[in-house]
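Okay, query-v3.pdb now, which holds PDB, C-alpha atoms, pLDDT in the B column:
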```pdb
ATOM      1  CA  MET A   1     -36.371  44.236 -63.108  1.00 59.00           C
ATOM      2  CA  SER A   2     -34.808  40.850 -62.663  1.00 61.00           C
ATOM      3  CA  PRO A   3     -35.874  38.007 -64.816  1.00 62.00           C
ATOM      4  CA  PRO A   4     -38.266  35.598 -63.194  1.00 64.00           C
ATOM      5  CA  VAL A   5     -36.516  32.634 -61.560  1.00 62.00           C
ATOM      6  CA  GLU A   6     -38.251  29.401 -61.841  1.00 62.00           C
ATOM      7  CA  PRO A   7     -38.197  27.586 -58.553  1.00 60.00           C
ATOM      8  CA  LEU A   8     -37.035  23.984 -58.360  1.00 54.00           C
ATOM      9  CA  PRO A   9     -39.811  21.500 -58.311  1.00 55.00           C
ATOM     10  CA  LYS A  10     -40.896  21.076 -54.680  1.00 56.00           C
ATOM     11  CA  ALA A  11     -40.258  17.324 -54.592  1.00 50.00           C
ATOM     12  CA  MET A  12     -36.693  17.734 -55.903  1.00 50.00           C
ATOM     13  CA  HIS A  13     -35.875  20.422 -53.342  1.00 52.00           C
ATOM     14  CA  GLN A  14     -37.229  18.379 -50.420  1.00 54.00           C
ATOM     15  CA  GLY A  15     -35.490  15.185 -51.536  1.00 57.00           C
ATOM     16  CA  ASP A  16     -32.088  16.900 -51.753  1.00 65.00           C
ATOM     17  CA  PHE A  17     -32.541  18.400 -48.287  1.00 63.00           C
ATOM     18  CA  ARG A  18     -33.659  15.086 -46.792  1.00 68.00           C
ATOM     19  CA  MET A  19     -30.679  13.300 -48.354  1.00 67.00           C
ATOM     20  CA  ARG A  20     -28.253  15.858 -46.910  1.00 70.00           C
ATOM     21  CA  VAL A  21     -29.824  15.701 -43.457  1.00 67.00           C
ATOM     22  CA  ARG A  22     -29.748  11.885 -43.519  1.00 75.00           C
ATOM     23  CA  LEU A  23     -26.071  11.911 -44.526  1.00 71.00           C
ATOM     24  CA  LEU A  24     -25.250  14.473 -41.843  1.00 67.00           C
ATOM     25  CA  LEU A  25     -27.047  12.406 -39.198  1.00 68.00           C
ATOM     26  CA  GLN A  26     -25.183   9.263 -40.271  1.00 72.00           C
ATOM     27  CA  VAL A  27     -21.815  11.010 -39.996  1.00 68.00           C
ATOM     28  CA  MET A  28     -22.726  12.452 -36.589  1.00 69.00           C
ATOM     29  CA  LEU A  29     -23.900   9.043 -35.353  1.00 66.00           C
ATOM     30  CA  ALA A  30     -20.721   7.321 -36.534  1.00 66.00           C
ATOM     31  CA  ALA A  31     -18.528   9.981 -34.878  1.00 68.00           C
ATOM     32  CA  SER A  32     -20.418   9.760 -31.589  1.00 68.00           C
ATOM     33  CA  LEU A  33     -20.234   5.939 -31.587  1.00 65.00           C
ATOM     34  CA  LEU A  34     -16.469   6.064 -32.096  1.00 63.00           C
ATOM     35  CA  ASN A  35     -16.122   8.604 -29.314  1.00 62.00           C
ATOM     36  CA  ALA A  36     -18.357   6.579 -26.969  1.00 59.00           C
ATOM     37  CA  ALA A  37     -16.388   3.395 -27.693  1.00 55.00           C
ATOM     38  CA  GLU A  38     -13.128   5.188 -26.958  1.00 57.00           C
ATOM     39  CA  LEU A  39     -14.463   6.571 -23.670  1.00 53.00           C
ATOM     40  CA  ALA A  40     -16.018   3.262 -22.635  1.00 52.00           C
ATOM     41  CA  ALA A  41     -12.922   1.167 -23.283  1.00 51.00           C
ATOM     42  CA  LYS A  42     -10.845   1.063 -20.113  1.00 51.00           C
ATOM     43  CA  ASP A  43      -7.155   1.523 -20.795  1.00 49.00           C
ATOM     44  CA  LEU A  44      -5.661  -1.665 -19.358  1.00 49.00           C
ATOM     45  CA  ARG A  45      -2.101  -0.774 -20.245  1.00 51.00           C
ATOM     46  CA  PRO A  46       0.119  -0.101 -17.260  1.00 59.00           C
ATOM     47  CA  PRO A  47       1.461   3.405 -16.864  1.00 65.00           C
ATOM     48  CA  THR A  48       4.953   4.188 -18.085  1.00 77.00           C
ATOM     49  CA  LEU A  49       7.060   4.539 -14.972  1.00 85.00           C
ATOM     50  CA  THR A  50       9.776   7.161 -14.785  1.00 88.00           C
ATOM     51  CA  GLY A  51      11.927   8.531 -11.992  1.00 93.00           C
ATOM     52  CA  THR A  52      12.814   6.854  -8.710  1.00 96.00           C
ATOM     53  CA  TYR A  53      10.614   5.218  -6.083  1.00 96.00           C
ATOM     54  CA  SER A  54      12.050   4.357  -2.684  1.00 96.00           C
ATOM     55  CA  ASP A  55      11.276   3.005   0.769  1.00 95.00           C
ATOM     56  CA  VAL A  56      14.861   3.413   2.002  1.00 96.00           C
ATOM     57  CA  CYS A  57      15.157   4.582   5.592  1.00 95.00           C
ATOM     58  CA  VAL A  58      17.826   4.852   8.299  1.00 95.00           C
ATOM     59  CA  HIS A  59      17.534   2.479  11.278  1.00 95.00           C
ATOM     60  CA  PRO A  60      17.323   4.790  14.327  1.00 94.00           C
ATOM     61  CA  GLU A  61      19.599   2.692  16.542  1.00 93.00           C
ATOM     62  CA  SER A  62      22.220   1.284  14.167  1.00 93.00           C
ATOM     63  CA  GLY A  63      22.224   3.974  11.480  1.00 93.00           C
ATOM     64  CA  ASP A  64      21.958   1.230   8.828  1.00 94.00           C
ATOM     65  CA  LEU A  65      20.245   1.923   5.526  1.00 95.00           C
ATOM     66  CA  LEU A  66      17.284  -0.415   4.913  1.00 95.00           C
ATOM     67  CA  GLY A  67      14.952  -0.793   1.947  1.00 94.00           C
ATOM     68  CA  THR A  68      14.933  -0.681  -1.842  1.00 94.00           C
ATOM     69  CA  GLU A  69      15.215   1.988  -4.511  1.00 95.00           C
ATOM     70  CA  LEU A  70      13.771   1.461  -7.980  1.00 96.00           C
ATOM     71  CA  SER A  71      14.945   3.910 -10.663  1.00 95.00           C
ATOM     72  CA  PHE A  72      13.078   3.608 -13.979  1.00 95.00           C
ATOM     73  CA  ILE A  73      14.735   4.295 -17.321  1.00 92.00           C
ATOM     74  CA  ARG A  74      12.932   4.194 -20.675  1.00 89.00           C
ATOM     75  CA  SER A  75      14.832   3.260 -23.844  1.00 87.00           C
ATOM     76  CA  GLY A  76      12.703   2.956 -26.967  1.00 84.00           C
ATOM     77  CA  ASP A  77       9.904   0.500 -26.237  1.00 83.00           C
ATOM     78  CA  VAL A  78      11.667  -1.039 -23.227  1.00 88.00           C
ATOM     79  CA  THR A  79      11.537   0.146 -19.618  1.00 91.00           C
ATOM     80  CA  TYR A  80      14.471  -0.791 -17.401  1.00 94.00           C
ATOM     81  CA  VAL A  81      14.693  -0.534 -13.629  1.00 95.00           C
ATOM     82  CA  LEU A  82      17.863  -0.070 -11.622  1.00 95.00           C
ATOM     83  CA  MET A  83      17.112  -1.960  -8.411  1.00 94.00           C
ATOM     84  CA  GLN A  84      19.305  -0.808  -5.522  1.00 94.00           C
ATOM     85  CA  PRO A  85      18.872  -2.837  -2.311  1.00 93.00           C
ATOM     86  CA  TYR A  86      19.990  -1.532   1.074  1.00 94.00           C
ATOM     87  CA  GLU A  87      20.544  -3.989   3.914  1.00 93.00           C
ATOM     88  CA  GLY A  88      22.776  -2.171   6.359  1.00 91.00           C
ATOM     89  CA  GLU A  89      24.640  -0.657   3.437  1.00 90.00           C
ATOM     90  CA  ALA A  90      24.158  -0.420  -0.300  1.00 91.00           C
ATOM     91  CA  GLY A  91      23.981  -3.810  -1.994  1.00 92.00           C
ATOM     92  CA  VAL A  92      24.933  -4.594  -5.572  1.00 93.00           C
ATOM     93  CA  PRO A  93      22.581  -2.736  -7.929  1.00 94.00           C
ATOM     94  CA  GLU A  94      20.919  -4.727 -10.699  1.00 93.00           C
ATOM     95  CA  LEU A  95      19.610  -3.507 -14.034  1.00 95.00           C
ATOM     96  CA  LEU A  96      16.397  -5.400 -14.846  1.00 95.00           C
ATOM     97  CA  LYS A  97      13.595  -5.118 -17.401  1.00 94.00           C
ATOM     98  CA  VAL A  98      10.017  -4.145 -16.679  1.00 94.00           C
ATOM     99  CA  ARG A  99       7.453  -6.142 -18.594  1.00 90.00           C
ATOM    100  CA  SER A 100       3.706  -5.779 -18.556  1.00 85.00           C
ATOM    101  CA  SER A 101       0.894  -8.251 -18.669  1.00 80.00           C
ATOM    102  CA  GLY A 102      -2.497  -6.591 -18.856  1.00 74.00           C
ATOM    103  CA  SER A 103      -2.651  -3.894 -16.206  1.00 70.00           C
ATOM    104  CA  ARG A 104       0.179  -5.369 -14.098  1.00 79.00           C
ATOM    105  CA  MET A 105       3.894  -4.650 -14.342  1.00 90.00           C
ATOM    106  CA  TYR A 106       6.654  -7.076 -13.447  1.00 92.00           C
ATOM    107  CA  VAL A 107      10.343  -6.598 -12.774  1.00 93.00           C
ATOM    108  CA  HIS A 108      11.974  -9.414 -14.725  1.00 91.00           C
ATOM    109  CA  SER A 109      15.384 -10.992 -14.258  1.00 88.00           C
ATOM    110  CA  GLU A 110      16.890 -13.216 -16.955  1.00 87.00           C
ATOM    111  CA  ALA A 111      18.270 -15.475 -14.208  1.00 86.00           C
ATOM    112  CA  ALA A 112      15.305 -15.637 -11.812  1.00 85.00           C
ATOM    113  CA  GLY A 113      12.242 -14.714 -13.900  1.00 86.00           C
ATOM    114  CA  ASP A 114       9.685 -12.276 -12.486  1.00 87.00           C
ATOM    115  CA  VAL A 115      10.907 -11.097  -9.093  1.00 89.00           C
ATOM    116  CA  LEU A 116       8.575  -8.207  -8.318  1.00 91.00           C
ATOM    117  CA  SER A 117       4.998  -7.331  -9.228  1.00 91.00           C
ATOM    118  CA  LEU A 118       4.280  -3.594  -9.416  1.00 92.00           C
ATOM    119  CA  GLU A 119       1.106  -1.566  -9.177  1.00 90.00           C
ATOM    120  CA  LEU A 120       0.915   2.228  -9.235  1.00 87.00           C
ATOM    121  CA  ARG A 121      -1.734   3.535  -6.824  1.00 87.00           C
ATOM    122  CA  ASP A 122      -2.060   7.295  -7.077  1.00 86.00           C
ATOM    123  CA  GLU A 123       1.575   8.391  -6.576  1.00 87.00           C
ATOM    124  CA  VAL A 124       2.630   5.333  -4.543  1.00 92.00           C
ATOM    125  CA  LEU A 125       4.219   2.253  -6.081  1.00 92.00           C
ATOM    126  CA  VAL A 126       3.253  -1.009  -4.395  1.00 92.00           C
ATOM    127  CA  GLY A 127       5.683  -3.861  -5.004  1.00 92.00           C
ATOM    128  CA  VAL A 128       4.960  -7.477  -4.116  1.00 90.00           C
ATOM    129  CA  TRP A 129       7.991  -9.765  -4.055  1.00 88.00           C
ATOM    130  CA  LEU A 130       7.375 -12.981  -5.983  1.00 86.00           C
ATOM    131  CA  ASP A 131       8.879 -16.450  -5.700  1.00 69.00           C
ATOM    132  CA  GLY A 132      12.327 -16.485  -7.237  1.00 50.00           C
ATOM    133  CA  GLN A 133      13.102 -13.149  -5.596  1.00 51.00           C
ATOM    134  CA  MET A 134      16.682 -11.901  -5.622  1.00 51.00           C
ATOM    135  CA  GLY A 135      17.930 -10.149  -2.518  1.00 52.00           C
ATOM    136  CA  ALA A 136      14.382  -9.451  -1.434  1.00 49.00           C
ATOM    137  CA  PRO A 137      13.821  -7.760   1.899  1.00 47.00           C
ATOM    138  CA  VAL A 138      12.145  -9.691   4.719  1.00 47.00           C
ATOM    139  CA  GLN A 139       8.726  -8.177   3.949  1.00 45.00           C
ATOM    140  CA  ARG A 140       6.909  -9.526   0.922  1.00 72.00           C
ATOM    141  CA  ARG A 141       5.176  -6.186   0.149  1.00 86.00           C
ATOM    142  CA  ASP A 142       6.872  -2.797  -0.178  1.00 89.00           C
ATOM    143  CA  THR A 143       5.294   0.634  -0.554  1.00 92.00           C
ATOM    144  CA  LEU A 144       7.625   2.976  -2.411  1.00 94.00           C
ATOM    145  CA  VAL A 145       7.160   6.706  -2.871  1.00 95.00           C
ATOM    146  CA  PRO A 146       8.691   9.081  -5.428  1.00 94.00           C
ATOM    147  CA  ALA A 147      12.098  10.127  -4.099  1.00 94.00           C
ATOM    148  CA  ARG A 148      15.602  11.214  -4.953  1.00 93.00           C
ATOM    149  CA  THR A 149      18.210   8.462  -4.958  1.00 92.00           C
ATOM    150  CA  VAL A 150      20.365   7.823  -1.905  1.00 91.00           C
ATOM    151  CA  TRP A 151      23.305   7.096  -4.183  1.00 86.00           C
ATOM    152  CA  GLY A 152      22.662  10.522  -5.743  1.00 88.00           C
ATOM    153  CA  GLY A 153      22.969  12.293  -2.390  1.00 90.00           C
ATOM    154  CA  ALA A 154      19.455  12.197  -0.889  1.00 91.00           C
ATOM    155  CA  GLU A 155      19.257  11.642   2.849  1.00 91.00           C
ATOM    156  CA  PRO A 156      16.478   9.226   3.785  1.00 93.00           C
ATOM    157  CA  GLU A 157      14.273   9.605   6.848  1.00 93.00           C
ATOM    158  CA  TYR A 158      14.557   7.437   9.939  1.00 95.00           C
ATOM    159  CA  CYS A 159      12.650   4.148   9.844  1.00 93.00           C
ATOM    160  CA  ARG A 160       9.371   4.055  11.716  1.00 87.00           C
ATOM    161  CA  GLU A 161       7.700   1.105  13.356  1.00 72.00           C
ATOM    162  CA  GLU A 162       5.137  -0.767  11.215  1.00 56.00           C
ATOM    163  CA  ALA A 163       2.297   0.110  13.593  1.00 41.00           C
ATOM    164  CA  GLU A 164       3.218   3.807  13.371  1.00 52.00           C
ATOM    165  CA  ARG A 165       3.190   3.640   9.527  1.00 48.00           C
ATOM    166  CA  GLU A 166      -0.265   2.037   9.495  1.00 46.00           C
ATOM    167  CA  ARG A 167      -1.712   4.898  11.601  1.00 48.00           C
ATOM    168  CA  ASP A 168      -0.561   7.519   9.049  1.00 48.00           C
TER     169      ASP A 168
END
```
Please express the file's structure as structure tokens.
Amino acid sequence: MSPPVEPLPKAMHQGDFRMRVRLLLQVMLAASLLNAAELAAKDLRPPTLTGTYSDVCVHPESGDLLGTELSFIRSGDVTYVLMQPYEGEAGVPELLKVRSSGSRMYVHSEAAGDVLSLELRDEVLVGVWLDGQMGAPVQRRDTLVPARTVWGGAEPEYCREEAERERD
């Protein structure tokens, strides 16, 4: 027969259990508050852009290349963009920095300041040309899509009329 075991006093047993439950509840509450705060906080940082976005097209009558290609390159904490304009033929490419301010991104030139404001909408990059623009196309707003570079061998589509683009 086993020796009789004296049970812990009832008050001591209940107090220990209550203390452990209280501690467990506090830890669970703190963890859930941290998780809720993380989920509730909207990430206002702009996305890191990579690859090439383009609106380059071939004029159906003249065969001229028209538009802009933006190729993004990340180096450490800095994002660069190789801006390649096309106005009849390829213009002089420029290597510029991308800076962010809140949720917006800006293409920045040392000589002219911010030249282009960028916003990524789904998979489309919307660029708005700012004052101080360098070699900006006639339109003040460009919609660029992910693409291969023309200078890398891609063949762009023929340009469509503005009204035809708006219907799509």
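Using the PyMOL selection byres ((chain A and resi 127) around 8) on the file at hand returns these residues: A:Leu116, A:Ser117, A:Leu118, A:Glu119, A:Leu125, A:Val126, A:Val128, A:Trp129, A:Arg141, A:Asp142, A:Thr143, A:Leu144.
You will find atom CA of Leu130 of chain A at 19.4 Å from atom CA of Thr79 of chain A.
One finds atom CA of Arg104 of chain A at 28.1 Å from atom CA of Ala90 of chain A.
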| field | Output of the PyMOL selection byres ((chain A and resi 75) around 12), listed as a ChimeraX atom specification | value | /A:48-50,72-74,76-81,97-98
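Here atom CA of Gln84 of chain A stands at a distance of 20.5 Å from atom CA of Arg160 of chain A.
Proximity to Leu70 of chain A was assessed for A:Arg121, A:Arg140, A:Arg99, A:Arg148 counting all atoms listed in the file; the smallest distance is recorded for A:Arg148.
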